[in-house]
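Here is query-v3.txt, consisting of compact mmCIF, C-alpha atoms:
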```txt
# COMPACT_ATOMS: atom_id res chain seq x y z
CA MET B 1 -19.81 13.52 18.65
CA LYS B 2 -20.27 12.35 15.05
CA LYS B 3 -18.12 9.36 14.00
CA LYS B 4 -16.05 10.25 10.97
CA ILE B 5 -13.55 8.20 8.96
CA ALA B 6 -11.21 8.82 6.02
CA PHE B 7 -9.59 6.17 3.82
CA PHE B 8 -6.39 6.99 1.92
CA ASP B 9 -4.72 4.96 -0.79
CA PHE B 10 -0.96 5.07 -0.24
CA ASP B 11 1.09 4.66 -3.45
CA GLY B 12 0.60 7.63 -5.76
CA THR B 13 -1.95 9.28 -3.44
CA ILE B 14 0.08 9.92 -0.29
CA THR B 15 3.40 9.22 -2.05
CA THR B 16 4.89 10.62 -5.26
CA LYS B 17 6.12 7.18 -6.41
CA ASP B 18 5.17 3.51 -6.09
CA THR B 19 6.83 2.38 -2.85
CA PHE B 20 6.87 -1.27 -3.98
CA LEU B 21 9.33 -0.32 -6.72
CA GLU B 22 11.23 2.14 -4.53
CA PHE B 23 11.62 -0.47 -1.79
CA ILE B 24 13.15 -2.95 -4.25
CA LYS B 25 15.60 -0.29 -5.49
CA PHE B 26 16.47 0.65 -1.91
CA SER B 27 17.06 -2.93 -0.78
CA LYS B 28 18.68 -4.43 -3.91
CA GLY B 29 20.29 -1.48 -5.70
CA THR B 30 19.42 0.14 -9.03
CA PHE B 31 21.31 -2.33 -11.25
CA ALA B 32 19.72 -5.41 -9.64
CA PHE B 33 16.33 -3.66 -9.79
CA TYR B 34 16.46 -3.12 -13.56
CA LEU B 35 17.97 -6.54 -14.23
CA GLY B 36 15.26 -8.19 -12.13
CA PHE B 37 12.48 -6.39 -13.97
CA LEU B 38 14.05 -7.24 -17.31
CA LEU B 39 14.09 -10.94 -16.35
CA ASN B 40 10.48 -10.67 -15.10
CA SER B 41 9.26 -8.65 -18.09
CA PRO B 42 7.23 -11.55 -19.58
CA TYR B 43 5.06 -11.58 -16.44
CA ILE B 44 4.68 -7.80 -16.44
CA VAL B 45 3.66 -7.84 -20.12
CA ALA B 46 1.22 -10.70 -19.40
CA PHE B 47 -0.32 -8.62 -16.59
CA LYS B 48 -0.63 -5.54 -18.85
CA LEU B 49 -2.36 -7.72 -21.46
CA LYS B 50 -4.67 -9.07 -18.70
CA VAL B 51 -3.39 -12.63 -19.23
CA ILE B 52 -2.41 -12.93 -15.56
CA SER B 53 -3.72 -11.12 -12.48
CA ASN B 54 -2.16 -8.21 -10.61
CA GLN B 55 -1.55 -10.61 -7.74
CA LYS B 56 0.23 -13.22 -9.87
CA ALA B 57 2.54 -10.59 -11.41
CA LYS B 58 3.32 -9.07 -8.00
CA GLU B 59 4.12 -12.50 -6.53
CA LYS B 60 6.49 -13.31 -9.41
CA VAL B 61 8.45 -10.11 -8.66
CA LEU B 62 8.35 -10.64 -4.88
CA ARG B 63 9.62 -14.21 -5.25
CA PHE B 64 12.45 -13.11 -7.54
CA PHE B 65 13.74 -10.44 -5.16
CA PHE B 66 12.82 -11.62 -1.66
CA ARG B 67 12.10 -15.38 -1.51
CA GLY B 68 14.10 -16.94 1.33
CA THR B 69 14.81 -13.65 3.11
CA ASP B 70 14.90 -13.99 6.91
CA VAL B 71 11.82 -12.25 8.33
CA ASP B 72 13.78 -10.38 11.03
CA GLU B 73 16.29 -9.07 8.47
CA PHE B 74 13.39 -8.09 6.22
CA LYS B 75 11.76 -6.16 9.08
CA LYS B 76 15.00 -4.23 9.72
CA LEU B 77 15.26 -3.43 6.02
CA CYS B 78 11.66 -2.19 5.96
CA GLU B 79 12.26 0.05 8.98
CA ARG B 80 15.41 1.51 7.38
CA PHE B 81 13.44 2.23 4.19
CA SER B 82 10.69 3.86 6.27
CA GLU B 83 13.20 6.09 8.06
CA GLN B 84 15.65 6.86 5.25
CA ARG B 85 13.70 6.82 1.96
CA LEU B 86 9.98 7.07 2.62
CA PRO B 87 9.86 10.63 4.07
CA ALA B 88 11.15 12.06 0.76
CA LEU B 89 8.32 10.29 -1.12
CA ILE B 90 5.45 11.67 1.01
CA ARG B 91 3.36 14.44 -0.54
CA THR B 92 3.21 17.47 1.75
CA LYS B 93 -0.39 18.21 0.67
CA ALA B 94 -1.45 14.67 1.62
CA LEU B 95 0.20 14.92 5.04
CA ASN B 96 -1.46 18.30 5.60
CA GLU B 97 -4.86 16.81 4.73
CA ILE B 98 -4.31 13.92 7.17
CA ASP B 99 -3.41 16.43 9.91
CA ARG B 100 -6.46 18.58 9.10
CA LEU B 101 -8.83 15.63 9.25
CA ARG B 102 -7.30 14.35 12.46
CA HIS B 103 -7.92 17.74 14.08
CA GLU B 104 -11.54 17.40 12.95
CA ASN B 105 -11.72 14.02 14.75
CA TYR B 106 -11.63 11.82 11.67
CA PHE B 107 -10.37 8.28 12.12
CA ILE B 108 -7.63 7.88 9.47
CA VAL B 109 -6.98 4.59 7.64
CA ILE B 110 -4.40 3.92 4.93
CA VAL B 111 -5.53 1.19 2.51
CA SER B 112 -2.72 -0.11 0.30
CA ALA B 113 -2.00 -2.83 -2.23
CA SER B 114 1.66 -2.66 -1.19
CA PRO B 115 2.73 -5.09 1.54
CA GLU B 116 2.20 -3.68 5.02
CA ASN B 117 5.84 -4.30 6.02
CA TRP B 118 7.38 -1.00 4.91
CA ILE B 119 4.28 1.15 5.53
CA GLN B 120 3.45 0.02 9.09
CA HIS B 121 6.41 1.76 10.77
CA TRP B 122 5.51 5.08 9.10
CA ALA B 123 1.78 4.65 9.83
CA ASP B 124 2.50 3.96 13.52
CA LYS B 125 4.73 7.02 13.66
CA ILE B 126 2.01 9.39 12.44
CA GLY B 127 -0.72 7.56 14.36
CA VAL B 128 -2.96 6.16 11.62
CA GLU B 129 -4.43 2.70 10.97
CA LEU B 130 -3.27 0.48 8.11
CA ILE B 131 -4.97 -2.09 5.91
CA ALA B 132 -2.57 -3.57 3.32
CA SER B 133 -1.43 -6.66 1.48
CA CYS B 134 0.34 -9.24 3.68
CA LEU B 135 3.43 -11.25 2.80
CA GLU B 136 3.40 -14.98 3.47
CA VAL B 137 6.07 -16.20 5.92
CA LYS B 138 7.06 -19.85 6.41
CA ASP B 139 9.80 -21.05 8.77
CA ARG B 140 10.71 -17.40 9.48
CA LYS B 141 11.39 -16.81 5.76
CA ILE B 142 9.61 -14.62 3.20
CA THR B 143 8.13 -16.93 0.53
CA GLY B 144 7.43 -14.22 -2.04
CA ARG B 145 3.73 -15.05 -2.01
CA LEU B 146 0.92 -12.95 -0.57
CA GLU B 147 -1.11 -14.21 2.36
CA GLY B 148 -4.66 -13.91 1.10
CA ARG B 149 -5.60 -11.56 -1.71
CA ASN B 150 -3.77 -8.52 -3.02
CA CYS B 151 -5.40 -5.47 -1.34
CA HIS B 152 -6.43 -3.88 -4.63
CA GLY B 153 -9.72 -2.91 -6.27
CA GLN B 154 -12.73 -4.69 -4.79
CA GLU B 155 -10.49 -6.35 -2.18
CA LYS B 156 -9.97 -2.92 -0.60
CA VAL B 157 -13.73 -2.67 -0.06
CA ARG B 158 -13.92 -6.21 1.33
CA ARG B 159 -11.10 -5.57 3.80
CA ILE B 160 -12.56 -2.21 4.88
CA THR B 161 -16.08 -3.56 5.45
CA GLN B 162 -14.67 -6.59 7.26
CA LYS B 163 -12.97 -4.28 9.77
CA TYR B 164 -15.42 -1.36 10.03
CA ILE B 165 -19.22 -1.11 10.23
CA MET B 166 -19.74 1.59 7.63
CA ASN B 167 -23.19 2.75 8.76
CA GLU B 168 -21.71 3.72 12.13
CA PHE B 169 -19.97 6.66 10.41
CA GLU B 170 -21.84 9.83 9.58
CA GLU B 171 -19.05 11.14 7.38
CA ILE B 172 -16.83 8.99 5.15
CA TYR B 173 -14.06 10.43 2.98
CA ALA B 174 -11.87 8.47 0.55
CA TYR B 175 -8.79 9.45 -1.45
CA GLY B 176 -7.25 7.57 -4.38
CA ASP B 177 -5.39 7.95 -7.66
CA THR B 178 -6.01 4.90 -9.87
CA LYS B 179 -8.84 2.75 -11.23
CA GLY B 180 -7.95 0.23 -8.53
CA ASP B 181 -9.13 2.77 -5.93
CA LEU B 182 -12.55 3.41 -7.50
CA PRO B 183 -14.40 0.70 -5.53
CA MET B 184 -13.06 2.23 -2.28
CA LEU B 185 -14.01 5.73 -3.44
CA GLY B 186 -17.52 4.37 -4.01
CA LEU B 187 -17.88 3.77 -0.26
CA ALA B 188 -17.44 7.46 0.56
CA HIS B 189 -19.82 10.36 1.05
CA LYS B 190 -17.02 12.52 -0.37
CA ALA B 191 -14.49 10.96 -2.75
CA PHE B 192 -11.31 12.64 -3.98
CA TYR B 193 -9.48 11.40 -7.09
CA ARG B 194 -5.84 12.51 -7.45
CA PRO B 195 -6.40 15.46 -5.08
CA PHE B 196 -2.75 16.10 -4.17
CA VAL B 197 -1.10 15.98 -7.61
```

Could you take the file, read its structure, and then write that structure out as structure tokens?
Amino acid sequence: MKKKIAFFDFDGTITTKDTFLEFIKFSKGTFAFYLGFLLNSPYIVAFKLKVISNQKAKEKVLRFFFRGTDVDEFKKLCERFSEQRLPALIRTKALNEIDRLRHENYFIVIVSASPENWIQHWADKIGVELIASCLEVKDRKITGRLEGRNCHGQEKVRRITQKYIMNEFEEIYAYGDTKGDLPMLGLAHKAFYRPFV
């Protein structure tokens, strides 16, 4: 049997909205969400102007909202988000494509810049693999920093090729929706850009 694999970006490809933002709203409330982003707007503007990196901007926001959070409490919060909010954000067409590929014996991998914490529960539930950004934890507390690099752009390729030997697969599909997914799409025999919109 031919070995086949499909890589899916998560935010905006499988979901209708950015789950990083939706998770903050879910966990902190809408008022705190907008206040927090107002207070962090200098970093967001600096990122848009390419003065600071995607990773630096993300860590500023993560630190503001979650630094010092107990890791067990954070896990419970992530699981509640996965059960209560995430299903409404999933694109039906994307889920149908995952099911179709699985029936054709494709190995399915989600590759996301969002932290793995609130995606893992959902990924386990539908039986797919996950490669994602990792949050740093010290003394059982979230620091607000990422462990290693933000899983975005070329880092997606590095993480994929670190885990999988690409020439073992006779068919490789990849699905994405932003410029940050283009390096991953470049790995595929068949690449799909914004296919479910």

Q) atom CA of Arg100 of chain B and atom CA of Asp9 of chain B are how many Å apart? A)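 Interatomic distance, atom CA of Arg100 of chain B to atom CA of Asp9 of chain B: 16.9 Å.
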
Q.
Quick check, in Å to one decimal: how far apart do atom CA of Lys56 of chain B and atom CA of Pro115 of chain B lie?
A.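 Computing the Euclidean distance for atom CA of Lys56 of chain B and atom CA of Pro115 of chain B yields 14.2 Å.
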
Q | d(atom CA of Glu22 of chain B, atom CA of Ala174 of chain B) in Å | A |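 Spanning atom CA of Glu22 of chain B to atom CA of Ala174 of chain B is a straight-line distance of 24.5 Å.
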
Tell me, counting all atoms listed in the file, for each residue of segment 15-60 of chain B within 12 Å of segment 132-137 of chain B, which pair of atoms is nearest and how far apart they are in Å to one decimal, in rows ordered by chain and increasing number, as JSON lines.
```
{"residue": "B:Phe20", "atom": "CA", "partner": "B:Ser133", "partner_atom": "CA", "distance": 11.3}
{"residue": "B:Gln55", "atom": "CA", "partner": "B:Ser133", "partner_atom": "CA", "distance": 10.0}
{"residue": "B:Lys58", "atom": "CA", "partner": "B:Ser133", "partner_atom": "CA", "distance": 10.9}
{"residue": "B:Glu59", "atom": "CA", "partner": "B:Leu135", "partner_atom": "CA", "distance": 9.4}
```

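Using all atoms listed in the file, the shortest contact distance between Lys4 of chain B and any of B:His152, B:His103, B:His121, B:Arg159 is found at B:His103.
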
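Among B:Ile52, B:Cys78, B:Ile90, B:Met166, the residue with the shortest atom-to-atom distance to Gly12 of chain B, counting only C-alpha atoms, is B:Ile90.
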
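Remark: for Ile119 of chain B, the closest of the candidate residues B:Thr178, B:Asn105, B:Ser82, B:Ser41 is B:Ser82 (distances computed over only C-alpha atoms).
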
Q) Need the neighbours of (2.9, 1.1, 7.1): which residues are at most 10 Å away, counting all atoms listed in the file, as number ranges by chain? A) B: 10, 78-79, 82, 110-112, 114-126, 128-132

Keeping only C-alpha atoms, take the residues you just selected and write them out as a compact mmCIF listing (two decimals), in the coordinates of the input.
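Output contents, as saved in selection-v1.txt:
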```txt
# COMPACT_ATOMS: atom_id res chain seq x y z
CA PHE B 10 -0.96 5.07 -0.24
CA CYS B 78 11.66 -2.19 5.96
CA GLU B 79 12.26 0.05 8.98
CA SER B 82 10.69 3.86 6.27
CA ILE B 110 -4.40 3.92 4.93
CA VAL B 111 -5.53 1.19 2.51
CA SER B 112 -2.72 -0.11 0.30
CA SER B 114 1.66 -2.66 -1.19
CA PRO B 115 2.73 -5.09 1.54
CA GLU B 116 2.20 -3.68 5.02
CA ASN B 117 5.84 -4.30 6.02
CA TRP B 118 7.38 -1.00 4.91
CA ILE B 119 4.28 1.15 5.53
CA GLN B 120 3.45 0.02 9.09
CA HIS B 121 6.41 1.76 10.77
CA TRP B 122 5.51 5.08 9.10
CA ALA B 123 1.78 4.65 9.83
CA ASP B 124 2.50 3.96 13.52
CA LYS B 125 4.73 7.02 13.66
CA ILE B 126 2.01 9.39 12.44
CA VAL B 128 -2.96 6.16 11.62
CA GLU B 129 -4.43 2.70 10.97
CA LEU B 130 -3.27 0.48 8.11
CA ILE B 131 -4.97 -2.09 5.91
CA ALA B 132 -2.57 -3.57 3.32
```

Q: May I have the residues at most 9 Å from (-12.4, 2.4, -0.1) in the file's coordinates, counting all atoms listed in the file, as an MDAnalysis selection string?
A: chainID B and resid 6:9 111 153:154 156:161 173:176 181:188

Q | Nearest candidate to Asp177 of chain B (options B:Phe33, B:Phe196, B:Tyr164, B:Phe81; using only C-alpha atoms) | A |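 Going through B:Phe33, B:Phe196, B:Tyr164, B:Phe81 one by one, the smallest distance to Asp177 of chain B is for B:Phe196.
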
Q: Check the smallest atom-to-atom distance from each of B:Val51, B:Phe23, B:Asn96, B:Phe66 to Glu83 of chain B using only C-alpha atoms, then report the winner.
A: B:Phe23

Q: Tell me which of B:Thr69, B:Asn167, B:Asn40, B:Gln84 sits closest to Lys3 of chain B, counting all atoms listed in the file.
A: B:Asn167

Save segment 37-58 of chain B to disk from that block, N, CA and C atoms included, as an mmCIF file, in the first residue's frame.
```cif
data_model
loop_
_atom_site.group_PDB
_atom_site.id
_atom_site.type_symbol
_atom_site.label_atom_id
_atom_site.label_comp_id
_atom_site.auth_asym_id
_atom_site.auth_seq_id
_atom_site.Cartn_x
_atom_site.Cartn_y
_atom_site.Cartn_z
ATOM 1 N N PHE B 37 -5.668 43.926 24.201
ATOM 2 C CA PHE B 37 -5.090 44.198 22.882
ATOM 3 C C PHE B 37 -4.846 45.688 22.679
ATOM 4 N N LEU B 38 -5.660 46.511 23.317
ATOM 5 C CA LEU B 38 -5.400 47.951 23.276
ATOM 6 C C LEU B 38 -4.069 48.267 23.965
ATOM 7 N N LEU B 39 -3.856 47.682 25.143
ATOM 8 C CA LEU B 39 -2.615 47.907 25.893
ATOM 9 C C LEU B 39 -1.397 47.325 25.173
ATOM 10 N N ASN B 40 -1.620 46.273 24.377
ATOM 11 C CA ASN B 40 -0.514 45.633 23.640
ATOM 12 C C ASN B 40 -0.399 46.122 22.204
ATOM 13 N N SER B 41 -1.201 47.127 21.850
ATOM 14 C CA SER B 41 -1.220 47.601 20.457
ATOM 15 C C SER B 41 0.144 48.076 19.930
ATOM 16 N N PRO B 42 1.006 48.671 20.770
ATOM 17 C CA PRO B 42 2.329 49.052 20.230
ATOM 18 C C PRO B 42 3.108 47.859 19.669
ATOM 19 N N TYR B 43 2.984 46.697 20.338
ATOM 20 C CA TYR B 43 3.709 45.504 19.871
ATOM 21 C C TYR B 43 3.079 44.953 18.588
ATOM 22 N N ILE B 44 1.759 45.046 18.507
ATOM 23 C CA ILE B 44 1.057 44.543 17.315
ATOM 24 C C ILE B 44 1.399 45.424 16.112
ATOM 25 N N VAL B 45 1.432 46.753 16.339
ATOM 26 C CA VAL B 45 1.818 47.681 15.266
ATOM 27 C C VAL B 45 3.270 47.424 14.854
ATOM 28 N N ALA B 46 4.133 47.219 15.835
ATOM 29 C CA ALA B 46 5.559 46.950 15.542
ATOM 30 C C ALA B 46 5.717 45.683 14.715
ATOM 31 N N PHE B 47 4.875 44.659 15.015
ATOM 32 C CA PHE B 47 4.919 43.420 14.221
ATOM 33 C C PHE B 47 4.449 43.687 12.797
ATOM 34 N N LYS B 48 3.341 44.428 12.652
ATOM 35 C CA LYS B 48 2.804 44.737 11.312
ATOM 36 C C LYS B 48 3.819 45.512 10.478
ATOM 37 N N LEU B 49 4.605 46.357 11.152
ATOM 38 C CA LEU B 49 5.630 47.149 10.454
ATOM 39 C C LEU B 49 6.944 46.383 10.292
ATOM 40 N N LYS B 50 6.935 45.098 10.733
ATOM 41 C CA LYS B 50 8.104 44.215 10.643
ATOM 42 C C LYS B 50 9.284 44.691 11.496
ATOM 43 N N VAL B 51 8.971 45.430 12.573
ATOM 44 C CA VAL B 51 10.005 45.881 13.508
ATOM 45 C C VAL B 51 10.340 44.754 14.479
ATOM 46 N N ILE B 52 9.327 44.003 14.893
ATOM 47 C CA ILE B 52 9.540 42.823 15.739
ATOM 48 C C ILE B 52 8.941 41.596 15.052
ATOM 49 N N SER B 53 9.379 40.424 15.481
ATOM 50 C CA SER B 53 8.947 39.169 14.843
ATOM 51 C C SER B 53 7.553 38.759 15.294
ATOM 52 N N ASN B 54 6.964 37.870 14.524
ATOM 53 C CA ASN B 54 5.692 37.231 14.868
ATOM 54 C C ASN B 54 5.786 36.610 16.256
ATOM 55 N N GLN B 55 6.904 35.941 16.520
ATOM 56 C CA GLN B 55 7.087 35.274 17.810
ATOM 57 C C GLN B 55 7.120 36.273 18.959
ATOM 58 N N LYS B 56 7.853 37.355 18.800
ATOM 59 C CA LYS B 56 7.966 38.360 19.864
ATOM 60 C C LYS B 56 6.604 38.970 20.177
ATOM 61 N N ALA B 57 5.825 39.292 19.142
ATOM 62 C CA ALA B 57 4.492 39.874 19.338
ATOM 63 C C ALA B 57 3.570 38.879 20.042
ATOM 64 N N LYS B 58 3.624 37.623 19.618
ATOM 65 C CA LYS B 58 2.770 36.587 20.227
ATOM 66 C C LYS B 58 3.127 36.404 21.703
#
```
